[in-house]
Amino acid sequence: MGNLHPVADALVRAADLPWIPQGSANVWFKPLRISPHTGSWVNLLKVARSGVVSRHRHLSEVEGWVIQGRWHYEEHDWQAEPGSYVYEPPGDVHTLVADVTDEEAMLTLFAIHGPIEYVTESGDVAYVETAETKLKRYEDHCREHGIAAQPIVF
């Protein structure tokens with residue numbers, strides 16, 4: 001069977017990409033792939049100390065694989081640990097809390113298949129993250145820090 005995708009194979013070296021502040025204290029992301037065409041992106045998420053990813057709702061599926069550290073959602077009764085695979089259905093609302101020590105950050109690979117709405121306690125949408133806004137944050141960070149942007153759009 002021939003290539004069904006209009007793009008060639010791609011190799012992204014994570015070590016060549018910067019950690020970008022996510023918005024909350026002690027939370028960073030490293031984009032590995034952003035596809036404005038599909039509205040999806042893949043990134044590493046790093047959370048140190050008592051970092052929290054603010055309450056948010058996924059409008060599409062999200063998949064995660066825990067590489068290091070532990071974390072949980074305030075709204076669920078399970079804890080993700082290294083080697084765990086996490087599936088989040090569309091519409092799920094949660095707050096990610098890292099369960100880490102000062103020496104070890106949490107590191108998880110996430111594949112996000114659509115927009116994320118960051119919501120207030122009352123449920124109002126405060127901010128919407130999309131593939132386009134994620135790409136802009138990456139490009140702005142690279143420009144502001146004199147870093148050559150890597151080809152992560154495919």
# chains A, B, ... in the order shown; residues from 1 in each chain; ligands from 1
>>> closest_atom_pairs(of="segment 115-145 of chain A", to="segment 41-59 of chain A", cutoff="6 Å", atoms="only C-alpha atoms", output="tab-separated table")
residue	atom	partner	partner_atom	distance
A:Pro115	CA	A:Leu59	CA	5.6
A:Ile116	CA	A:His58	CA	4.7
A:Glu117	CA	A:Arg57	CA	5.1
A:Tyr118	CA	A:His56	CA	4.1
A:Val119	CA	A:His56	CA	5.4
>>> write_last_selection(atoms="N, CA and C atoms", output="short mmCIF file (atom, residue, chain, number, x, y, z; two decimals), in the first residue's frame")
data_model
loop_
_atom_site.label_atom_id
_atom_site.label_comp_id
_atom_site.auth_asym_id
_atom_site.auth_seq_id
_atom_site.Cartn_x
_atom_site.Cartn_y
_atom_site.Cartn_z
N PRO A 115 -9.10 21.10 20.30
CA PRO A 115 -8.99 22.22 21.24
C PRO A 115 -9.18 21.84 22.71
N ILE A 116 -8.58 22.67 23.56
CA ILE A 116 -8.73 22.57 25.01
C ILE A 116 -9.32 23.88 25.50
N GLU A 117 -10.37 23.80 26.28
CA GLU A 117 -10.95 25.00 26.90
C GLU A 117 -10.51 25.05 28.36
N TYR A 118 -9.79 26.09 28.73
CA TYR A 118 -9.46 26.31 30.14
C TYR A 118 -10.65 27.02 30.76
N VAL A 119 -11.15 26.48 31.86
CA VAL A 119 -12.41 26.96 32.42
C VAL A 119 -12.24 27.45 33.86
#
>>> select_by_dssp(residues="chain A", states="alpha helix (DSSP H)", output="PDB file with C-alpha atoms, in the first residue's frame")
ATOM      1  CA  ALA A 131      -3.029  23.858  17.344  1.00  0.00           C
ATOM      2  CA  GLU A 132      -2.707  27.407  16.016  1.00  0.00           C
ATOM      3  CA  THR A 133      -2.304  29.022  19.458  1.00  0.00           C
ATOM      4  CA  LYS A 134       0.167  26.300  20.488  1.00  0.00           C
ATOM      5  CA  LEU A 135       2.221  26.958  17.336  1.00  0.00           C
ATOM      6  CA  LYS A 136       2.171  30.705  17.977  1.00  0.00           C
ATOM      7  CA  ARG A 137       3.416  30.192  21.551  1.00  0.00           C
ATOM      8  CA  TYR A 138       6.252  28.019  20.232  1.00  0.00           C
ATOM      9  CA  GLU A 139       7.251  30.472  17.500  1.00  0.00           C
ATOM     10  CA  ASP A 140       7.004  33.486  19.843  1.00  0.00           C
ATOM     11  CA  HIS A 141       9.144  31.732  22.471  1.00  0.00           C
ATOM     12  CA  CYS A 142      11.801  30.834  19.892  1.00  0.00           C
ATOM     13  CA  ARG A 143      11.862  34.392  18.530  1.00  0.00           C
ATOM     14  CA  GLU A 144      12.026  35.981  22.014  1.00  0.00           C
TER      15      GLU A 144
END
>>> closest_residue(among="A:Ile67, A:Ile152, A:Val62, A:Ala98", to="Phe110 of chain A", atoms="only C-alpha atoms")
A:Val62
>>> select_by_dssp(residues="chain A", states="strand (DSSP E)", output="ChimeraX atom specification")
/A:20-21,27-35,40-47,52-58,62-68,71-73,79-80,85-88,93-98,106-112,116-119,125-129
>>> residues_around(residues="Glu61 of chain A", least_positions_apart="2", cutoff="6 Å", atoms="only C-alpha atoms", output="JSON, numbers by chain")
{"A": [88, 89, 90, 113]}
>>> residues_around(residues="Gln150 of chain A", least_positions_apart="5", cutoff="9 Å", atoms="only C-alpha atoms", output="PyMOL selection string")
chain A and resi 12+16-17
>>> atom_distance(atom1="atom CA of Gly91 of chain A", atom2="atom CA of Ser60 of chain A")
7.2 Å
>>> closest_residue(among="A:Asp92, A:Ala8, A:Leu107, A:Pro151", to="Phe29 of chain A", atoms="only C-alpha atoms")
A:Leu107
>>> closest_residue(among="A:Glu121, A:Gly64, A:Arg13, A:His94", to="Asp77 of chain A", atoms="only C-alpha atoms")
A:His94
